[in-house]
Amino acid sequence: MTDQNFPSSVAVDDTHVYWCNKGTGEVRRAPKNGGDVVTLATGQVDPASVAVDGTSVYWTTGNDQVMKVSLAGGTPAELAASQASARSTALDGSHIFWSTLTTVAKAPIGGGAVVELATAQQVPRSTEVDGQSAYWATIIGGTIMKVPVDGGTSVELASGQHPTSLAINDTHVFWANNGGTVLSVPKDGGATTTIATVQDMPLSLIVSGPHAYWATFGAAGITKVPVASGTPSSLDSAGLVVEDMAADATHVYFAAHTVPSDGSIGRVEK
(Lines give C-alpha, C1' and ligand atoms only; values in the text may rest on other atoms or scores of the structure.)
Protein backbone atom coordinates (compact mmCIF):
# COMPACT_ATOMS: atom_id res chain seq x y z
CA MET A 1 0.00 0.00 0.00
CA THR A 2 1.48 3.30 -1.11
CA ASP A 3 0.45 6.91 -0.46
CA GLN A 4 0.59 6.51 3.31
CA ASN A 5 1.54 9.59 5.33
CA PHE A 6 4.40 8.83 7.74
CA PRO A 7 3.47 5.22 8.61
CA SER A 8 5.08 4.66 11.99
CA SER A 9 4.26 1.14 13.14
CA VAL A 10 2.89 -2.13 11.82
CA ALA A 11 1.27 -5.31 13.18
CA VAL A 12 -0.27 -8.40 11.62
CA ASP A 13 -2.84 -11.07 12.41
CA ASP A 14 -3.84 -14.10 10.35
CA THR A 15 -5.55 -12.10 7.61
CA HIS A 16 -4.66 -8.40 7.80
CA VAL A 17 -1.86 -5.92 8.27
CA TYR A 18 -2.44 -2.91 10.56
CA TRP A 19 -0.58 0.38 10.80
CA CYS A 20 -0.64 3.94 12.10
CA ASN A 21 -0.22 6.99 9.88
CA LYS A 22 1.33 9.72 12.02
CA GLY A 23 0.95 12.32 9.31
CA THR A 24 -2.84 11.99 9.06
CA GLY A 25 -3.67 10.67 12.54
CA GLU A 26 -5.17 7.43 11.25
CA VAL A 27 -5.15 3.77 12.25
CA ARG A 28 -5.71 1.56 9.21
CA ARG A 29 -5.75 -2.01 7.98
CA ALA A 30 -5.75 -3.94 4.70
CA PRO A 31 -5.76 -7.62 3.68
CA LYS A 32 -2.30 -9.16 3.68
CA ASN A 33 -2.60 -10.24 0.08
CA GLY A 34 -3.82 -6.85 -1.09
CA GLY A 35 -7.20 -5.21 -1.18
CA ASP A 36 -9.13 -2.24 0.10
CA VAL A 37 -7.65 -0.15 2.89
CA VAL A 38 -10.03 0.40 5.82
CA THR A 39 -9.57 3.28 8.25
CA LEU A 40 -10.39 2.15 11.79
CA ALA A 41 -9.70 5.41 13.63
CA THR A 42 -9.17 9.05 12.66
CA GLY A 43 -8.27 12.22 14.50
CA GLN A 44 -5.51 10.60 16.55
CA VAL A 45 -2.50 12.70 17.55
CA ASP A 46 0.79 11.07 16.58
CA PRO A 47 -0.53 7.47 16.67
CA ALA A 48 2.15 4.83 17.12
CA SER A 49 2.99 1.39 18.52
CA VAL A 50 0.09 -0.49 16.97
CA ALA A 51 -0.81 -3.96 18.30
CA VAL A 52 -3.64 -6.36 17.50
CA ASP A 53 -5.46 -9.33 19.03
CA GLY A 54 -8.58 -11.27 18.08
CA THR A 55 -11.01 -8.45 18.85
CA SER A 56 -9.29 -5.08 18.80
CA VAL A 57 -6.47 -2.86 17.57
CA TYR A 58 -4.42 -0.91 20.12
CA TRP A 59 -2.08 2.07 19.85
CA THR A 60 -0.58 5.00 21.73
CA THR A 61 -0.98 8.70 20.99
CA GLY A 62 1.06 11.86 21.31
CA ASN A 63 -1.56 12.97 23.85
CA ASP A 64 -0.11 10.39 26.27
CA GLN A 65 -2.97 7.94 25.77
CA VAL A 66 -3.29 4.20 25.23
CA MET A 67 -6.22 3.52 22.90
CA LYS A 68 -8.16 0.68 21.29
CA VAL A 69 -10.86 0.18 18.69
CA SER A 70 -12.82 -2.88 17.56
CA LEU A 71 -11.60 -4.74 14.49
CA ALA A 72 -15.03 -3.96 13.06
CA GLY A 73 -14.45 -0.25 13.58
CA GLY A 74 -16.45 2.10 15.77
CA THR A 75 -15.58 4.65 18.41
CA PRO A 76 -12.06 4.36 19.86
CA ALA A 77 -11.84 3.79 23.62
CA GLU A 78 -9.21 5.21 25.95
CA LEU A 79 -7.55 2.56 28.11
CA ALA A 80 -5.08 4.88 29.83
CA ALA A 81 -4.41 8.62 30.02
CA SER A 82 -1.58 10.81 31.31
CA GLN A 83 1.05 8.27 30.25
CA ALA A 84 4.04 10.47 29.43
CA SER A 85 5.31 9.67 25.93
CA ALA A 86 3.57 6.27 25.94
CA ARG A 87 5.03 3.88 23.37
CA SER A 88 5.93 0.23 22.77
CA THR A 89 2.71 -1.71 23.29
CA ALA A 90 2.61 -5.46 23.90
CA LEU A 91 -0.27 -7.87 24.60
CA ASP A 92 -0.55 -11.05 26.67
CA GLY A 93 -4.22 -11.96 26.17
CA SER A 94 -5.62 -10.15 29.20
CA HIS A 95 -3.55 -6.96 29.48
CA ILE A 96 -1.84 -4.37 27.34
CA PHE A 97 1.66 -3.31 28.38
CA TRP A 98 3.51 -0.14 27.42
CA SER A 99 6.35 2.12 28.45
CA THR A 100 6.46 5.82 29.32
CA LEU A 101 9.50 8.04 29.79
CA THR A 102 10.24 6.43 33.16
CA THR A 103 7.85 3.51 33.74
CA VAL A 104 6.62 0.20 32.37
CA ALA A 105 2.89 -0.22 32.95
CA LYS A 106 -0.11 -2.39 32.12
CA ALA A 107 -3.91 -2.21 32.08
CA PRO A 108 -6.68 -4.73 31.35
CA ILE A 109 -7.62 -4.81 27.67
CA GLY A 110 -11.27 -4.53 28.70
CA GLY A 111 -10.56 -1.40 30.71
CA GLY A 112 -9.49 -0.90 34.30
CA ALA A 113 -6.81 0.47 36.56
CA VAL A 114 -3.29 1.15 35.31
CA VAL A 115 -0.58 -0.75 37.21
CA GLU A 116 3.03 0.42 37.13
CA LEU A 117 5.32 -2.61 36.99
CA ALA A 118 8.62 -0.72 36.96
CA THR A 119 9.53 2.86 37.81
CA ALA A 120 12.62 5.08 37.66
CA GLN A 121 13.60 3.65 34.26
CA GLN A 122 15.67 5.76 31.87
CA VAL A 123 13.48 5.93 28.75
CA PRO A 124 12.27 2.32 28.59
CA ARG A 125 11.26 1.22 25.09
CA SER A 126 10.57 -1.89 22.96
CA THR A 127 8.30 -3.52 25.54
CA GLU A 128 7.73 -7.25 24.98
CA VAL A 129 5.82 -9.75 27.09
CA ASP A 130 5.45 -13.50 27.53
CA GLY A 131 3.43 -15.49 30.05
CA GLN A 132 5.78 -14.67 32.91
CA SER A 133 7.63 -11.40 32.38
CA ALA A 134 7.67 -8.07 30.61
CA TYR A 135 10.95 -7.09 28.95
CA TRP A 136 12.33 -3.75 27.79
CA ALA A 137 15.45 -1.81 26.91
CA THR A 138 16.37 1.51 28.53
CA ILE A 139 17.52 3.83 25.79
CA ILE A 140 19.45 6.21 28.06
CA GLY A 141 20.31 3.74 30.82
CA GLY A 142 21.70 1.18 28.38
CA THR A 143 20.16 -1.80 30.16
CA ILE A 144 18.09 -4.83 29.17
CA MET A 145 15.45 -5.44 31.83
CA LYS A 146 12.59 -7.70 32.88
CA VAL A 147 9.91 -7.76 35.58
CA PRO A 148 7.18 -10.31 36.45
CA VAL A 149 3.89 -9.53 34.68
CA ASP A 150 2.10 -9.61 38.05
CA GLY A 151 4.59 -7.20 39.59
CA GLY A 152 7.76 -7.64 41.59
CA THR A 153 11.42 -6.78 41.46
CA SER A 154 12.92 -5.69 38.15
CA VAL A 155 15.92 -7.73 36.99
CA GLU A 156 18.80 -6.42 34.89
CA LEU A 157 19.77 -8.92 32.17
CA ALA A 158 22.48 -6.80 30.54
CA SER A 159 24.09 -3.40 31.03
CA GLY A 160 26.49 -1.13 29.18
CA GLN A 161 24.45 -1.39 25.97
CA HIS A 162 23.24 1.18 23.45
CA PRO A 163 19.90 -0.40 22.49
CA THR A 164 17.67 0.82 19.69
CA SER A 165 15.11 -2.02 19.85
CA LEU A 166 14.38 -5.33 21.56
CA ALA A 167 12.60 -8.61 20.76
CA ILE A 168 12.06 -12.00 22.40
CA ASN A 169 11.51 -15.63 21.53
CA ASP A 170 10.73 -18.56 23.83
CA THR A 171 14.16 -18.65 25.45
CA HIS A 172 16.10 -15.45 24.78
CA VAL A 173 15.95 -11.68 24.71
CA PHE A 174 17.49 -10.01 21.65
CA TRP A 175 18.44 -6.39 21.08
CA ALA A 176 20.09 -4.19 18.49
CA ASN A 177 22.77 -1.72 19.53
CA ASN A 178 23.31 1.69 17.98
CA GLY A 179 26.97 0.82 17.50
CA GLY A 180 26.15 -1.89 14.95
CA THR A 181 25.76 -5.13 16.90
CA VAL A 182 22.85 -7.49 17.55
CA LEU A 183 23.00 -9.53 20.75
CA SER A 184 21.03 -11.99 22.86
CA VAL A 185 20.87 -13.14 26.47
CA PRO A 186 18.89 -16.00 28.07
CA LYS A 187 15.60 -14.87 29.60
CA ASP A 188 16.69 -16.36 32.93
CA GLY A 189 19.98 -14.45 32.78
CA GLY A 190 23.48 -15.43 31.75
CA ALA A 191 26.16 -14.53 29.27
CA THR A 192 25.37 -12.32 26.29
CA THR A 193 25.97 -13.59 22.76
CA THR A 194 26.74 -11.36 19.79
CA ILE A 195 24.85 -12.69 16.77
CA ALA A 196 25.75 -9.96 14.26
CA THR A 197 28.35 -7.19 13.98
CA VAL A 198 29.24 -4.30 11.66
CA GLN A 199 25.62 -3.38 10.98
CA ASP A 200 24.73 0.17 9.95
CA MET A 201 22.66 1.38 12.93
CA PRO A 202 20.30 -1.63 13.28
CA LEU A 203 16.73 -0.65 14.18
CA SER A 204 13.23 -2.15 14.51
CA LEU A 205 14.45 -5.60 15.58
CA ILE A 206 12.01 -8.52 15.44
CA VAL A 207 12.47 -12.26 15.92
CA SER A 208 10.41 -14.79 13.98
CA GLY A 209 11.16 -18.51 13.83
CA PRO A 210 14.86 -19.27 13.39
CA HIS A 211 15.90 -15.72 12.42
CA ALA A 212 16.25 -12.22 13.79
CA TYR A 213 15.42 -9.36 11.42
CA TRP A 214 16.27 -5.68 11.60
CA ALA A 215 16.27 -2.56 9.49
CA THR A 216 19.55 -0.83 8.70
CA PHE A 217 19.33 2.94 8.82
CA GLY A 218 22.32 3.94 6.71
CA ALA A 219 22.12 1.11 4.17
CA ALA A 220 18.30 1.42 4.04
CA GLY A 221 17.07 -2.15 3.92
CA ILE A 222 16.21 -5.26 5.97
CA THR A 223 18.76 -7.81 7.17
CA LYS A 224 18.36 -11.21 8.84
CA VAL A 225 20.62 -13.62 10.74
CA PRO A 226 20.03 -16.97 12.48
CA VAL A 227 19.16 -16.42 16.14
CA ALA A 228 22.09 -18.62 17.17
CA SER A 229 24.47 -16.43 15.12
CA GLY A 230 25.70 -16.80 11.57
CA THR A 231 26.21 -14.75 8.44
CA PRO A 232 23.75 -11.86 7.99
CA SER A 233 21.93 -11.66 4.66
CA SER A 234 19.81 -8.94 3.09
CA LEU A 235 16.19 -9.34 2.10
CA ASP A 236 14.84 -7.86 -1.12
CA SER A 237 14.36 -4.46 0.46
CA ALA A 238 17.12 -2.14 -0.73
CA GLY A 239 16.38 1.55 -0.40
CA LEU A 240 13.66 1.24 2.23
CA VAL A 241 13.78 3.59 5.21
CA VAL A 242 11.93 1.25 7.56
CA GLU A 243 10.09 2.57 10.61
CA ASP A 244 8.77 -0.74 11.97
CA MET A 245 8.39 -4.42 11.10
CA ALA A 246 6.23 -7.45 11.92
CA ALA A 247 6.27 -11.03 10.64
CA ASP A 248 4.17 -14.09 10.00
CA ALA A 249 5.25 -17.55 8.89
CA THR A 250 6.27 -16.51 5.37
CA HIS A 251 6.80 -12.73 5.16
CA VAL A 252 8.21 -9.70 6.91
CA TYR A 253 5.85 -6.71 6.79
CA PHE A 254 7.14 -3.18 7.08
CA ALA A 255 6.14 0.45 7.39
CA ALA A 256 8.56 2.53 5.34
CA HIS A 257 9.02 5.83 3.56
CA THR A 258 11.35 7.77 1.31
CA VAL A 259 10.18 11.05 2.80
CA PRO A 260 7.66 10.97 5.68
CA SER A 261 4.71 12.10 3.55
CA ASP A 262 5.42 9.42 0.92
CA GLY A 263 5.13 6.19 2.89
CA SER A 264 4.17 2.62 2.18
CA ILE A 265 3.18 -0.64 3.83
CA GLY A 266 4.76 -3.64 2.17
CA ARG A 267 6.15 -7.10 2.66
CA VAL A 268 9.09 -9.23 1.57
CA GLU A 269 9.55 -12.97 1.67
CA LYS A 270 11.59 -14.23 4.56
# chains A, B, ... in the order shown; residues from 1 in each chain; ligands from 1
$ residues_around --residues "Ser82 in chain A" --least-positions-apart "4" --cutoff "9 Å" --atoms "only C-alpha atoms" --output "list in words"
Asn63, Asp64, Gln65 and Ala86 of chain A
$ residues_around --residues "range 50-61 of chain A" --least-positions-apart "5" --cutoff "9 Å" --atoms "only C-alpha atoms" --output "JSON, numbers by chain"
{"A": [8, 9, 10, 11, 12, 13, 18, 19, 20, 27, 40, 44, 45, 66, 67, 68, 69, 70, 71, 72, 73, 85, 86, 87, 88, 89, 90, 91, 93, 96, 98]}
$ atom_distance --atom1 "CA of Gly239 in chain A" --atom2 "CA of Thr258 in chain A"
8.2 Å
$ residues_around --residues "range 209-212 of chain A" --least-positions-apart "4" --cutoff "6 Å" --atoms "only C-alpha atoms" --output "PDB file with N, CA and C atoms, in the first residue's frame"
ATOM      1  N   LYS A 224      18.710 -10.130   7.917  1.00  0.00           N
ATOM      2  CA  LYS A 224      18.362 -11.208   8.843  1.00  0.00           C
ATOM      3  C   LYS A 224      19.607 -12.008   9.181  1.00  0.00           C
ATOM      4  N   VAL A 225      19.540 -12.732  10.313  1.00  0.00           N
ATOM      5  CA  VAL A 225      20.617 -13.619  10.736  1.00  0.00           C
ATOM      6  C   VAL A 225      19.990 -14.719  11.584  1.00  0.00           C
ATOM      7  N   PRO A 226      20.536 -15.937  11.574  1.00  0.00           N
ATOM      8  CA  PRO A 226      20.032 -16.970  12.484  1.00  0.00           C
ATOM      9  C   PRO A 226      20.144 -16.514  13.939  1.00  0.00           C
ATOM     10  N   VAL A 227      19.161 -16.889  14.754  1.00  0.00           N
ATOM     11  CA  VAL A 227      19.155 -16.425  16.142  1.00  0.00           C
ATOM     12  C   VAL A 227      20.338 -16.966  16.933  1.00  0.00           C
TER      13      VAL A 227
END
$ atom_distance --atom1 "CA of His257 in chain A" --atom2 "CA of Leu235 in chain A"
16.8 Å
$ residues_around --residues "Asp36 in chain A" --least-positions-apart "6" --cutoff "10 Å" --atoms "only C-alpha atoms" --output "PyMOL selection string"
chain A and resi 1+29-30
$ closest_residue --among "A:Leu203, A:Ala191, A:Val252, A:Val155" --to "Glu269 in chain A" --atoms "only C-alpha atoms"
A:Val252
$ select_by_dssp --residues "range 17-191 of chain A" --states "strand (DSSP E or B)" --output "PyMOL selection string"
chain A and resi 17-21+26-31+38-41+48-52+56-60+66-70+77-80+87-91+95-99+104-108+115-118+124-129+133-138+143-148+155-158+163-168+172-177+182-186
$ closest_residue --among "A:Val268, A:Glu243, A:Ile144, A:Trp136" --to "Ala48 in chain A" --atoms "only C-alpha atoms"
A:Glu243
$ closest_residue --among "A:Pro124, A:Gly62, A:Gly112, A:Gly35" --to "Thr100 in chain A" --atoms "only C-alpha atoms"
A:Pro124
$ closest_residue --among "A:Gly179, A:Ala80, A:Val147, A:Ala105" --to "Gln161 in chain A" --atoms "only C-alpha atoms"
A:Gly179
$ atom_distance --atom1 "CA of Pro7 in chain A" --atom2 "CA of Glu116 in chain A"
28.9 Å
$ residues_around --residues "His162 in chain A" --least-positions-apart "6" --cutoff "6 Å" --atoms "only C-alpha atoms" --output "PyMOL selection string"
chain A and resi 142+177-178
